[in-house]
file model27.csv (CSV, C-alpha atoms)
chain,number,residue,atom,x,y,z
A,1,MET,CA,-17.4,51.2,15.2
A,2,THR,CA,-14.9,53.4,13.7
A,3,SER,CA,-12.4,51.8,11.4
A,4,ARG,CA,-9.7,52.0,14.0
A,5,GLU,CA,-11.9,50.5,16.7
A,6,ARG,CA,-12.9,47.7,14.3
A,7,ILE,CA,-9.3,46.7,13.5
A,8,LEU,CA,-8.3,46.9,17.1
A,9,ALA,CA,-11.2,44.7,18.1
A,10,ALA,CA,-10.4,42.1,15.4
A,11,ILE,CA,-6.6,41.9,16.2
A,12,ASN,CA,-7.6,41.5,19.9
A,13,HIS,CA,-10.0,38.7,19.0
A,14,GLU,CA,-13.0,40.7,20.1
A,15,PRO,CA,-16.4,41.0,18.4
A,16,VAL,CA,-16.8,43.5,15.5
A,17,ASP,CA,-19.8,45.2,13.9
A,18,ARG,CA,-18.7,44.1,10.4
A,19,LEU,CA,-15.7,42.4,8.9
A,20,PRO,CA,-12.7,44.7,9.0
A,21,VAL,CA,-11.2,45.3,5.6
A,22,ASP,CA,-7.7,46.2,4.4
A,23,PHE,CA,-7.6,47.7,1.0
A,24,GLY,CA,-4.3,49.5,0.4
A,25,GLY,CA,-3.1,49.6,4.0
A,26,THR,CA,0.2,48.0,3.1
A,27,ARG,CA,2.3,47.6,0.0
A,28,GLN,CA,1.1,44.0,-0.1
A,29,THR,CA,-2.6,44.7,0.0
A,30,GLY,CA,-2.8,47.4,-2.6
A,31,VAL,CA,-3.8,47.6,-6.3
A,32,ALA,CA,-1.8,48.0,-9.5
A,33,ALA,CA,-2.2,51.4,-11.1
A,34,LEU,CA,-3.7,50.0,-14.3
A,35,ALA,CA,-6.3,48.0,-12.4
A,36,TYR,CA,-7.0,50.9,-10.2
A,37,GLY,CA,-7.8,53.3,-13.1
A,38,ARG,CA,-10.3,50.8,-14.4
A,39,LEU,CA,-11.8,50.2,-10.9
A,40,ARG,CA,-12.3,53.9,-10.4
A,41,GLU,CA,-14.1,54.2,-13.7
A,42,PHE,CA,-16.2,51.1,-13.0
A,43,LEU,CA,-17.3,52.5,-9.6
A,44,GLY,CA,-18.4,55.7,-11.3
A,45,PHE,CA,-15.9,58.1,-9.7
A,46,ALA,CA,-14.9,60.9,-12.0
A,47,PRO,CA,-11.1,61.3,-12.0
A,48,HIS,CA,-9.9,64.6,-10.6
A,49,ARG,CA,-6.3,63.6,-11.6
A,50,SER,CA,-4.4,60.8,-13.2
A,51,VAL,CA,-3.7,57.6,-11.3
A,52,ARG,CA,-0.8,58.3,-8.9
A,53,VAL,CA,1.9,55.6,-8.7
A,54,PHE,CA,3.3,55.8,-5.1
A,55,ASP,CA,5.3,52.5,-5.4
A,56,LEU,CA,7.1,52.3,-8.7
A,57,PHE,CA,8.7,49.0,-7.9
A,58,GLN,CA,5.3,47.2,-7.8
A,59,MET,CA,3.5,50.0,-9.8
A,60,LEU,CA,0.9,50.4,-7.0
A,61,ALA,CA,-1.7,53.2,-7.1
A,62,GLU,CA,-2.4,55.7,-4.4
A,63,ILE,CA,-6.0,54.9,-3.4
A,64,GLU,CA,-8.3,58.0,-3.1
A,65,PRO,CA,-10.5,58.3,-0.1
A,66,GLU,CA,-13.8,57.9,-1.9
A,67,VAL,CA,-12.6,54.6,-3.5
A,68,ALA,CA,-11.3,53.4,-0.2
A,69,ALA,CA,-14.6,54.2,1.5
A,70,ARG,CA,-16.6,52.4,-1.1
A,71,LEU,CA,-14.7,49.2,-0.6
A,72,GLY,CA,-14.7,49.5,3.2
A,73,ALA,CA,-11.0,50.1,3.8
A,74,ASP,CA,-10.2,50.4,7.5
A,75,CYS,CA,-6.4,50.8,7.3
A,76,VAL,CA,-3.8,53.2,6.0
A,77,GLY,CA,-0.1,52.8,5.6
A,78,LEU,CA,2.6,55.1,7.2
A,79,TYR,CA,5.4,55.3,4.6
A,80,ARG,CA,8.8,56.9,4.4
A,81,PRO,CA,9.2,59.7,1.8
A,82,SER,CA,11.0,57.3,-0.5
A,83,VAL,CA,9.0,54.1,-1.0
A,84,ALA,CA,10.8,52.6,-3.9
A,85,PHE,CA,14.2,52.9,-5.6
A,86,GLY,CA,15.1,55.9,-3.3
A,87,LEU,CA,12.8,58.2,-5.3
A,88,ARG,CA,10.9,60.7,-3.1
A,89,ASN,CA,7.2,60.8,-3.5
A,90,GLU,CA,7.0,64.5,-4.3
A,91,ARG,CA,6.9,67.0,-7.3
A,92,TRP,CA,4.4,64.7,-9.1
A,93,LYS,CA,4.4,64.8,-12.9
A,94,PRO,CA,2.7,63.0,-15.7
A,95,PHE,CA,4.3,59.9,-17.3
A,96,ARG,CA,3.1,57.5,-20.0
A,97,PHE,CA,3.8,53.8,-19.5
A,98,GLY,CA,3.2,52.4,-23.0
A,99,GLU,CA,-0.3,52.8,-24.5
A,100,ALA,CA,-2.3,51.5,-21.5
A,101,LEU,CA,-1.4,53.9,-18.7
A,102,GLU,CA,-0.7,57.5,-18.2
A,103,ALA,CA,-0.1,58.2,-14.5
A,104,GLU,CA,1.5,60.6,-12.1
A,105,VAL,CA,5.0,59.7,-10.9
A,106,PRO,CA,7.6,61.2,-8.6
A,107,GLY,CA,9.5,64.1,-10.1
A,108,ASP,CA,12.9,62.3,-9.9
A,109,PHE,CA,11.6,59.3,-11.9
A,110,GLU,CA,13.6,59.6,-15.2
A,111,PRO,CA,14.0,56.1,-16.6
A,112,LEU,CA,15.8,55.3,-19.8
A,113,ARG,CA,13.3,54.1,-22.4
A,114,GLY,CA,14.7,51.3,-24.6
A,115,ASP,CA,14.0,51.0,-28.3
A,116,ASP,CA,11.8,48.0,-27.5
A,117,GLY,CA,9.7,50.0,-25.0
A,118,SER,CA,11.4,48.8,-21.9
A,119,LEU,CA,12.1,51.2,-19.0
A,120,MET,CA,15.3,51.1,-16.9
A,121,ILE,CA,16.0,53.0,-13.7
A,122,LEU,CA,19.6,54.0,-13.0
A,123,ARG,CA,21.4,55.1,-9.9
A,124,ASP,CA,24.9,56.5,-10.3
A,125,GLY,CA,25.0,54.9,-13.7
A,126,GLU,CA,24.1,51.4,-12.4
A,127,ALA,CA,20.8,49.8,-13.4
A,128,ILE,CA,18.6,49.2,-10.3
A,129,GLY,CA,15.2,48.5,-11.9
A,130,LEU,CA,13.9,47.2,-15.2
A,131,MET,CA,10.4,47.0,-16.6
A,132,PRO,CA,10.4,44.8,-19.7
A,133,ALA,CA,8.5,45.9,-22.8
A,134,GLY,CA,4.8,45.1,-22.1
A,135,GLY,CA,5.5,44.5,-18.4
A,136,PHE,CA,3.4,45.7,-15.5
A,137,TYR,CA,6.0,46.4,-12.8
A,138,PHE,CA,9.8,46.7,-12.4
A,139,ASP,CA,12.2,43.9,-11.6
A,140,ARG,CA,14.6,45.0,-8.9
A,141,LEU,CA,18.2,44.6,-10.0
A,142,GLU,CA,19.9,46.0,-6.9
A,143,ARG,CA,22.3,43.6,-5.0
A,144,TYR,CA,21.5,43.3,-1.3
A,145,PRO,CA,24.0,42.3,1.4
A,146,GLY,CA,23.3,38.5,1.2
A,147,ALA,CA,24.2,38.6,-2.5
A,148,THR,CA,27.4,40.7,-1.9
A,149,HIS,CA,28.8,39.0,1.3
A,150,PRO,CA,30.0,42.3,2.8
A,151,ASP,CA,32.9,42.6,5.3
A,152,LEU,CA,31.0,43.0,8.5
A,153,ASP,CA,33.8,45.0,10.1
A,154,ALA,CA,33.5,47.7,7.5
A,155,TRP,CA,29.9,47.5,6.3
A,156,GLU,CA,27.0,49.4,8.1
A,157,PRO,CA,23.3,48.9,7.6
A,158,PRO,CA,21.1,51.9,6.9
A,159,ARG,CA,19.6,53.9,9.7
A,160,LEU,CA,16.5,56.1,9.7
A,161,ALA,CA,17.6,59.6,9.0
A,162,PRO,CA,16.3,62.6,11.1
A,163,ALA,CA,14.4,64.0,8.1
A,164,GLU,CA,12.7,60.6,7.6
A,165,LEU,CA,11.7,60.5,11.3
A,166,ASP,CA,10.3,64.1,11.1
A,167,HIS,CA,8.2,63.1,8.1
A,168,LEU,CA,6.9,59.9,9.8
A,169,ALA,CA,6.0,61.9,13.0
A,170,ALA,CA,4.1,64.5,11.0
A,171,GLU,CA,2.4,62.0,8.8
A,172,ALA,CA,1.4,59.7,11.7
A,173,GLN,CA,-0.1,62.7,13.5
A,174,ARG,CA,-2.0,63.8,10.3
A,175,LEU,CA,-3.4,60.3,9.7
A,176,PHE,CA,-4.3,59.8,13.3
A,177,SER,CA,-6.1,63.1,13.7
A,178,THR,CA,-7.8,63.4,10.2
A,179,THR,CA,-8.9,59.8,9.7
A,180,ASP,CA,-10.4,57.1,11.8
A,181,LYS,CA,-8.3,54.4,10.2
A,182,ALA,CA,-5.9,52.0,11.8
A,183,ILE,CA,-2.3,52.9,11.0
A,184,ILE,CA,0.2,50.3,9.8
A,185,ALA,CA,3.9,51.2,9.9
A,186,PRO,CA,6.3,48.9,7.9
A,187,LEU,CA,9.6,48.7,9.7
A,188,GLY,CA,11.5,45.4,9.7
A,189,PRO,CA,15.2,45.0,9.8
A,190,PRO,CA,17.1,47.2,7.3
A,191,TYR,CA,17.0,44.1,5.0
A,192,GLU,CA,14.6,41.2,5.3
A,193,LEU,CA,16.6,38.6,7.2
A,194,PHE,CA,16.0,35.7,4.8
A,195,TYR,CA,14.5,36.3,1.4
A,196,GLY,CA,15.2,40.0,1.1
A,197,LEU,CA,18.9,39.7,1.9
A,198,GLY,CA,19.5,37.8,-1.3
A,199,GLN,CA,18.0,40.3,-3.7
A,200,GLY,CA,20.2,40.4,-6.8
A,201,GLY,CA,21.7,37.0,-6.1
A,202,PHE,CA,19.4,34.8,-4.1
A,203,ASP,CA,21.3,31.6,-5.2
A,204,SER,CA,24.6,32.8,-3.7
A,205,TRP,CA,22.8,34.0,-0.5
A,206,MET,CA,21.3,30.5,-0.1
A,207,VAL,CA,24.7,29.0,-0.3
A,208,THR,CA,26.0,31.4,2.3
A,209,PHE,CA,22.9,30.7,4.5
A,210,ALA,CA,23.5,26.9,4.3
A,211,THR,CA,27.3,26.8,4.7
A,212,GLU,CA,28.3,29.8,6.8
A,213,PRO,CA,26.1,29.8,9.9
A,214,ASP,CA,28.6,31.8,11.9
A,215,TYR,CA,28.7,34.5,9.3
A,216,VAL,CA,24.9,34.5,9.0
A,217,ARG,CA,24.6,35.0,12.8
A,218,ALA,CA,27.0,37.8,12.7
A,219,LEU,CA,25.2,39.5,9.8
A,220,TYR,CA,21.9,39.0,11.6
A,221,ARG,CA,23.3,40.5,14.8
A,222,LYS,CA,24.5,43.6,13.0
A,223,LEU,CA,21.1,44.0,11.2
A,224,THR,CA,19.1,43.6,14.4
A,225,ASP,CA,21.3,46.0,16.3
A,226,VAL,CA,20.4,48.7,13.8
A,227,TRP,CA,16.8,47.5,13.7
A,228,LEU,CA,16.5,48.1,17.4
A,229,GLU,CA,17.9,51.6,16.9
A,230,ASN,CA,15.4,52.3,14.2
A,231,LEU,CA,12.5,50.8,16.2
A,232,GLU,CA,13.3,53.0,19.2
A,233,ALA,CA,13.6,56.1,16.9
A,234,LEU,CA,10.3,55.3,15.2
A,235,HIS,CA,8.5,54.8,18.5
A,236,SER,CA,9.8,58.1,19.8
A,237,ALA,CA,8.5,59.7,16.6
A,238,VAL,CA,5.0,58.2,16.3
A,239,GLY,CA,4.2,56.6,19.7
A,240,ASP,CA,0.8,54.9,20.0
A,241,ARG,CA,-0.6,56.7,16.9
A,242,VAL,CA,0.5,53.5,15.1
A,243,GLN,CA,-1.5,50.3,15.9
A,244,ILE,CA,0.4,47.7,13.8
A,245,LEU,CA,4.0,47.2,12.9
A,246,GLN,CA,4.5,45.3,9.7
A,247,ILE,CA,7.6,43.2,8.9
A,248,ALA,CA,7.9,41.3,5.6
A,249,ASP,CA,10.0,38.3,4.6
A,250,ASP,CA,9.1,35.5,2.3
A,251,PHE,CA,9.7,32.1,3.8
A,252,GLY,CA,7.5,29.9,1.6
A,253,THR,CA,7.3,28.6,-2.0
A,254,GLN,CA,3.9,27.4,-3.3
A,255,ARG,CA,4.7,23.9,-2.1
A,256,ALA,CA,6.8,24.1,1.0
A,257,PRO,CA,9.0,26.5,3.0
A,258,PHE,CA,12.2,27.7,1.5
A,259,LEU,CA,14.1,26.4,4.5
A,260,SER,CA,13.7,23.6,7.1
A,261,VAL,CA,12.0,24.2,10.4
A,262,ARG,CA,15.4,23.5,12.1
A,263,ALA,CA,17.2,26.1,10.0
A,264,PHE,CA,14.5,28.6,10.7
A,265,ARG,CA,14.6,28.0,14.4
A,266,GLU,CA,18.4,28.0,14.7
A,267,LEU,CA,19.2,31.1,12.5
A,268,VAL,CA,16.2,33.2,11.6
A,269,LEU,CA,13.9,33.0,14.6
A,270,PRO,CA,16.3,34.2,17.3
A,271,ALA,CA,17.2,37.3,15.2
A,272,TYR,CA,13.6,38.3,14.5
A,273,GLN,CA,12.5,37.5,18.1
A,274,ARG,CA,15.0,39.9,19.4
A,275,GLY,CA,13.3,42.8,17.6
A,276,LEU,CA,9.8,41.6,18.3
A,277,ASP,CA,10.5,41.1,22.0
A,278,TRP,CA,11.5,44.8,22.0
A,279,VAL,CA,8.2,45.8,20.3
A,280,HIS,CA,6.0,43.8,22.7
A,281,GLN,CA,7.9,44.9,25.8
A,282,ARG,CA,8.0,48.6,24.9
A,283,THR,CA,5.0,49.5,22.7
A,284,SER,CA,1.3,48.8,22.3
A,285,TRP,CA,1.9,47.7,18.6
A,286,LYS,CA,0.7,44.4,17.2
A,287,VAL,CA,3.2,42.8,14.8
A,288,MET,CA,2.1,41.7,11.3
A,289,LEU,CA,4.3,39.4,9.2
A,290,HIS,CA,3.8,39.4,5.5
A,291,SER,CA,5.1,36.1,4.1
A,292,ASP,CA,3.7,34.3,1.1
A,293,GLY,CA,3.5,30.7,0.3
A,294,ALA,CA,3.3,27.3,2.1
A,295,LEU,CA,4.1,28.4,5.7
A,296,TYR,CA,2.2,25.8,7.6
A,297,PRO,CA,5.2,23.9,9.1
A,298,LEU,CA,6.7,27.3,10.3
A,299,ILE,CA,3.6,28.8,11.9
A,300,PRO,CA,4.1,27.5,15.4
A,301,SER,CA,7.6,29.0,15.3
A,302,LEU,CA,6.3,32.3,13.9
A,303,ILE,CA,3.9,32.6,16.8
A,304,GLU,CA,6.7,31.8,19.2
A,305,MET,CA,8.9,34.5,17.4
A,306,GLY,CA,6.3,37.1,18.3
A,307,VAL,CA,4.1,37.4,15.2
A,308,ASP,CA,0.5,38.5,16.1
A,309,ILE,CA,-0.9,38.7,12.6
A,310,LEU,CA,-0.1,36.6,9.5
A,311,ASN,CA,-0.6,38.0,5.9
A,312,PRO,CA,-1.5,37.2,3.2
A,313,VAL,CA,-2.8,33.7,4.1
A,314,GLN,CA,-2.2,32.1,0.7
A,315,THR,CA,-4.9,29.4,0.9
A,316,SER,CA,-3.9,28.0,-2.5
A,317,ALA,CA,-0.5,27.0,-1.3
A,318,ALA,CA,0.2,23.6,0.1
A,319,GLY,CA,-1.0,23.0,3.7
A,320,MET,CA,-2.7,26.5,3.9
A,321,GLU,CA,-6.3,25.4,3.9
A,322,ALA,CA,-8.5,28.0,5.5
A,323,ARG,CA,-10.3,25.8,8.0
A,324,ARG,CA,-7.2,24.1,9.1
A,325,LEU,CA,-5.4,27.3,9.8
A,326,LYS,CA,-8.4,28.7,11.7
A,327,ALA,CA,-8.8,25.6,13.8
A,328,GLU,CA,-5.2,25.1,14.7
A,329,PHE,CA,-4.0,28.7,15.1
A,330,GLY,CA,-7.0,31.0,15.1
A,331,ASP,CA,-6.9,31.6,18.8
A,332,ARG,CA,-3.3,32.7,18.8
A,333,LEU,CA,-2.8,34.3,15.4
A,334,VAL,CA,-4.8,36.9,13.5
A,335,LEU,CA,-5.3,35.8,9.9
A,336,TRP,CA,-5.2,38.7,7.5
A,337,GLY,CA,-6.1,38.0,3.9
A,338,GLY,CA,-7.0,34.6,2.6
A,339,THR,CA,-10.0,35.6,0.5
A,340,CYS,CA,-9.6,34.5,-3.1
A,341,ASP,CA,-6.8,32.9,-5.2
A,342,SER,CA,-5.1,36.0,-6.7
A,343,GLN,CA,-3.3,33.8,-9.3
A,344,GLY,CA,-6.4,32.1,-10.5
A,345,THR,CA,-10.0,33.0,-9.6
A,346,LEU,CA,-9.5,36.7,-8.9
A,347,SER,CA,-7.7,37.2,-12.2
A,348,SER,CA,-9.6,34.8,-14.5
A,349,GLY,CA,-12.9,33.8,-12.8
A,350,SER,CA,-16.2,35.5,-13.1
A,351,PRO,CA,-17.5,37.9,-10.4
A,352,ALA,CA,-19.8,35.0,-9.2
A,353,ASP,CA,-16.7,32.7,-8.9
A,354,VAL,CA,-14.9,35.4,-6.9
A,355,ALA,CA,-17.8,35.9,-4.6
A,356,ALA,CA,-18.3,32.2,-4.0
A,357,GLU,CA,-14.7,31.5,-3.2
A,358,THR,CA,-14.4,34.5,-1.0
A,359,ALA,CA,-17.6,33.5,0.9
A,360,ALA,CA,-16.3,30.0,1.5
A,361,ASN,CA,-13.0,31.3,2.9
A,362,LEU,CA,-14.7,33.9,5.0
A,363,ASP,CA,-17.0,31.2,6.5
A,364,ALA,CA,-13.8,29.4,7.5
A,365,LEU,CA,-11.6,32.3,8.7
A,366,ALA,CA,-13.9,35.0,10.0
A,367,PRO,CA,-15.9,33.4,12.9
A,368,ARG,CA,-14.9,34.3,16.4
A,369,SER,CA,-13.0,37.4,15.2
A,370,GLY,CA,-9.2,37.4,14.8
A,371,TYR,CA,-9.6,38.0,11.1
A,372,VAL,CA,-9.2,41.0,8.7
A,373,CYS,CA,-10.4,40.7,5.1
A,374,ALA,CA,-7.8,41.5,2.4
A,375,THR,CA,-6.7,40.2,-1.0
A,376,VAL,CA,-4.0,37.6,-1.2
A,377,HIS,CA,-1.3,40.1,-2.1
A,378,ASN,CA,-1.7,43.1,-4.4
A,379,ILE,CA,-4.4,43.2,-7.0
A,380,GLN,CA,-2.6,42.7,-10.3
A,381,ALA,CA,-2.9,44.9,-13.3
A,382,THR,CA,-5.2,42.7,-15.4
A,383,VAL,CA,-7.8,41.9,-12.7
A,384,PRO,CA,-11.3,43.0,-13.9
A,385,PRO,CA,-12.9,45.7,-11.7
A,386,ALA,CA,-16.1,43.7,-11.3
A,387,ASN,CA,-14.0,40.9,-9.6
A,388,ILE,CA,-12.5,43.4,-7.2
A,389,VAL,CA,-15.9,44.7,-6.3
A,390,ALA,CA,-17.3,41.2,-5.9
A,391,LEU,CA,-14.6,40.3,-3.4
A,392,PHE,CA,-15.0,43.3,-1.1
A,393,ASP,CA,-18.8,43.4,-1.4
A,394,THR,CA,-18.9,39.8,-0.3
A,395,ALA,CA,-16.9,40.8,2.8
A,396,LEU,CA,-18.9,43.8,3.6
A,397,ASN,CA,-22.1,41.7,3.5
A,398,TRP,CA,-20.7,38.8,5.5
A,399,PRO,CA,-23.1,38.2,8.5
A,400,VAL,CA,-21.1,38.8,11.6
A,401,SER,CA,-24.2,38.2,13.7
A,402,SER,CA,-24.7,34.6,12.3
A,403,SER,CA,-24.7,31.7,14.6
A,404,ALA,CA,-21.2,30.8,13.4
A,405,TRP,CA,-19.9,33.9,15.1
A,406,ALA,CA,-20.5,32.6,18.6
call {"tool": "encode", "arguments": {"input": "model27.csv", "output": "structure tokens"}}
result
Amino acid sequence: MTSRERILAAINHEPVDRLPVDFGGTRQTGVAALAYGRLREFLGFAPHRSVRVFDLFQMLAEIEPEVAARLGADCVGLYRPSVAFGLRNERWKPFRFGEALEAEVPGDFEPLRGDDGSLMILRDGEAIGLMPAGGFYFDRLERYPGATHPDLDAWEPPRLAPAELDHLAAEAQRLFSTTDKAIIAPLGPPYELFYGLGQGGFDSWMVTFATEPDYVRALYRKLTDVWLENLEALHSAVGDRVQILQIADDFGTQRAPFLSVRAFRELVLPAYQRGLDWVHQRTSWKVMLHSDGALYPLIPSLIEMGVDILNPVQTSAAGMEARRLKAEFGDRLVLWGGTCDSQGTLSSGSPADVAAETAANLDALAPRSGYVCATVHNIQATVPPANIVALFDTALNWPVSSSAWA
């Protein structure tokens, strides 16, 4: 199978020739720049340039084709020209982040360096991002609409600009014609309808969410109106060259959802379902939801909402045991991730520990297809390269022809 065929088979619950793999196909399945540099060296690939940071917010590396191929990557992401903080990924230049990392960054990246070694990104004189001294990524300081409670008669959500659509059309064509990878396009509402709306003041947004349901519905209506415009424009630009549409919103803590099932169904579900109904009725795309945490009580509603694929399958969170998820939802939901505890084993275990935990989760999640192997969120800066290789090699050697496959 080609990579694209393999992913399409898996997300349609059909047999595959090996486990499909996502390494860097989204901004939640990537690798921190510091870890990537060490991985590249560990694999024996001579660097032809410095590590390139394409997502400054999360400090994610642009993964080179030879590294992606070695780890079996079957997906690529289709991104806007500006991935983080409104900085266009162009005119690359060298930049040193402390003593540990010298990387390539966008030309417009001009942070203020504090006396303590911290880095601050400004926009029009206002701080929008901060990397503390000794930190590995930026904290986002921007205040999003849930934190600012805008007047809905005057405020307008952002729309895809013609130049962005031209870029996406050209990039989708390039990826489709020059690679055999499945293409994932991230395009949710202009702001995540639950968690993302509260950036810069999540506590005040939660008060609004709990006490002003009419305002929340009106805000959601305005956001989904624009989302539908953006979806139609994106589909006109890229068509069926994209296989998966990704939305992202965090509904879960480590122990339970952030909100009750009732609140989710009354407020959040109808708004998202409006957009996902449009996708399913007018495109061939499958819909991936990225949402961390303990989502088990919400999963039936997510399926009803129109989610086809769930990522990252955080098996260490309450109620998210791999076998339980596969048994209850595996025939209706593609599980994408769920390999190894990124907060524990992957970071601090041995390669043997990583391989054993990954194998156990693959034995639970992979049979009967409907599964794509990926890390449980991005690989963090301090993860040893041997652990990364152990995870993906375990997946690449998983026996799809075993009796458990039937």
call {"tool": "residues_around", "arguments": {"input": "model27.csv", "residues": "Val372 (chain A)", "least_positions_apart": "3", "cutoff": "6 Å", "atoms": "only C-alpha atoms", "output": "VMD selection string"}}
result
chain A and resid 20 to 21 336
call {"tool": "residues_around", "arguments": {"input": "model27.csv", "residues": "Ala317 (chain A)", "least_positions_apart": "6", "cutoff": "6 Å", "atoms": "only C-alpha atoms", "output": "short mmCIF file (atom, residue, chain, number, x, y, z; two decimals) with C-alpha atoms, keeping the file's coordinate frame"}}
result
data_model
loop_
_atom_site.label_atom_id
_atom_site.label_comp_id
_atom_site.auth_asym_id
_atom_site.auth_seq_id
_atom_site.Cartn_x
_atom_site.Cartn_y
_atom_site.Cartn_z
CA GLN A 254 3.90 27.40 -3.30
CA GLY A 293 3.50 30.70 0.30
CA ALA A 294 3.30 27.30 2.10
#
call {"tool": "atom_distance", "arguments": {"input": "model27.csv", "atom1": "CA of Ala103 (chain A)", "atom2": "CA of Leu34 (chain A)"}}
result
9.0 Å
call {"tool": "closest_residue", "arguments": {"input": "model27.csv", "among": "A:Asp153, A:Asp331, A:Glu102, A:Glu64", "to": "Ile303 (chain A)", "atoms": "all atoms listed in the file"}}
result
A:Asp331
call {"tool": "residues_around", "arguments": {"input": "model27.csv", "residues": "region 91-94 of chain A", "least_positions_apart": "6", "cutoff": "8 Å", "atoms": "only C-alpha atoms", "output": "list in words"}}
result
Ser50, Glu102, Ala103, Glu104, Val105, Pro106 and Gly107 of chain A
call {"tool": "atom_distance", "arguments": {"input": "model27.csv", "atom1": "CA of Arg4 (chain A)", "atom2": "CA of Gly77 (chain A)"}}
result
12.8 Å
call {"tool": "residues_around", "arguments": {"input": "model27.csv", "residues": "Arg6 (chain A)", "least_positions_apart": "6", "cutoff": "8 Å", "atoms": "only C-alpha atoms", "output": "list in words"}}
result
Val16, Asp17, Arg18, Pro20 and Asp74 of chain A
call {"tool": "closest_residue", "arguments": {"input": "model27.csv", "among": "A:Asp240, A:Asp151, A:Glu212, A:Asp308", "to": "Gln173 (chain A)", "atoms": "all atoms listed in the file"}}
result
A:Asp240
call {"tool": "atom_distance", "arguments": {"input": "model27.csv", "atom1": "CA of Ala356 (chain A)", "atom2": "CA of Gln58 (chain A)"}}
result
28.2 Å
call {"tool": "closest_residue", "arguments": {"input": "model27.csv", "among": "A:Tyr137, A:Phe23, A:Tyr371, A:Phe97", "to": "Lys181 (chain A)", "atoms": "all atoms listed in the file"}}
result
A:Phe23
call {"tool": "closest_residue", "arguments": {"input": "model27.csv", "among": "A:Arg52, A:Ala327, A:Ala218, A:Gly72", "to": "Ala374 (chain A)", "atoms": "all atoms listed in the file"}}
result
A:Gly72
call {"tool": "residues_around", "arguments": {"input": "model27.csv", "residues": "Leu396 (chain A)", "least_positions_apart": "3", "cutoff": "12 Å", "atoms": "all atoms listed in the file", "output": "ChimeraX atom specification"}}
result
/A:17-22,69-74,355,358-359,362,366,372-374,389-393,399-400
call {"tool": "closest_residue", "arguments": {"input": "model27.csv", "among": "A:Ser401, A:Thr208, A:Ser347, A:Thr382", "to": "Ser369 (chain A)", "atoms": "only C-alpha atoms"}}
result
A:Ser401
call {"tool": "closest_atom_pairs", "arguments": {"input": "model27.csv", "of": "region 93-137 of chain A", "to": "region 187-207 of chain A", "cutoff": "12 Å", "atoms": "only C-alpha atoms", "output": "JSON lines"}}
result
{"residue": "A:Ala127", "atom": "CA", "partner": "A:Gly200", "partner_atom": "CA", "distance": 11.5}
{"residue": "A:Ile128", "atom": "CA", "partner": "A:Gly200", "partner_atom": "CA", "distance": 9.6}
{"residue": "A:Gly129", "atom": "CA", "partner": "A:Gly200", "partner_atom": "CA", "distance": 10.8}
call {"tool": "build_atoms", "arguments": {"input": "model27.csv", "residues": "region 360-371 of chain A", "atoms": "N, CA and C atoms", "output": "PDB file, keeping the file's coordinate frame"}}
result
ATOM      1  N   ALA A 360     -16.681  31.281   0.847  1.00  0.00           N
ATOM      2  CA  ALA A 360     -16.300  30.000   1.500  1.00  0.00           C
ATOM      3  C   ALA A 360     -15.092  30.229   2.406  1.00  0.00           C
ATOM      4  N   ASN A 361     -14.141  31.048   2.005  1.00  0.00           N
ATOM      5  CA  ASN A 361     -13.000  31.300   2.900  1.00  0.00           C
ATOM      6  C   ASN A 361     -13.371  32.157   4.075  1.00  0.00           C
ATOM      7  N   LEU A 362     -14.277  33.108   3.882  1.00  0.00           N
ATOM      8  CA  LEU A 362     -14.700  33.900   5.000  1.00  0.00           C
ATOM      9  C   LEU A 362     -15.474  33.034   6.036  1.00  0.00           C
ATOM     10  N   ASP A 363     -16.270  32.099   5.552  1.00  0.00           N
ATOM     11  CA  ASP A 363     -17.000  31.200   6.500  1.00  0.00           C
ATOM     12  C   ASP A 363     -15.995  30.419   7.327  1.00  0.00           C
ATOM     13  N   ALA A 364     -14.801  30.138   6.775  1.00  0.00           N
ATOM     14  CA  ALA A 364     -13.800  29.400   7.500  1.00  0.00           C
ATOM     15  C   ALA A 364     -12.962  30.286   8.427  1.00  0.00           C
ATOM     16  N   LEU A 365     -12.611  31.474   7.968  1.00  0.00           N
ATOM     17  CA  LEU A 365     -11.600  32.300   8.700  1.00  0.00           C
ATOM     18  C   LEU A 365     -12.216  33.341   9.599  1.00  0.00           C
ATOM     19  N   ALA A 366     -13.400  33.840   9.288  1.00  0.00           N
ATOM     20  CA  ALA A 366     -13.900  35.000  10.000  1.00  0.00           C
ATOM     21  C   ALA A 366     -14.542  34.744  11.355  1.00  0.00           C
ATOM     22  N   PRO A 367     -15.212  33.599  11.592  1.00  0.00           N
ATOM     23  CA  PRO A 367     -15.900  33.400  12.900  1.00  0.00           C
ATOM     24  C   PRO A 367     -14.955  33.594  14.084  1.00  0.00           C
ATOM     25  N   ARG A 368     -15.536  34.120  15.158  1.00  0.00           N
ATOM     26  CA  ARG A 368     -14.900  34.300  16.400  1.00  0.00           C
ATOM     27  C   ARG A 368     -13.766  35.390  16.354  1.00  0.00           C
ATOM     28  N   SER A 369     -13.895  36.274  15.376  1.00  0.00           N
ATOM     29  CA  SER A 369     -13.000  37.400  15.200  1.00  0.00           C
ATOM     30  C   SER A 369     -11.539  36.920  14.982  1.00  0.00           C
ATOM     31  N   GLY A 370     -10.568  37.820  15.166  1.00  0.00           N
ATOM     32  CA  GLY A 370      -9.200  37.400  14.800  1.00  0.00           C
ATOM     33  C   GLY A 370      -8.977  37.321  13.345  1.00  0.00           C
ATOM     34  N   TYR A 371      -9.727  38.114  12.558  1.00  0.00           N
ATOM     35  CA  TYR A 371      -9.600  38.000  11.100  1.00  0.00           C
ATOM     36  C   TYR A 371      -9.810  39.434  10.506  1.00  0.00           C
TER      37      TYR A 371
END
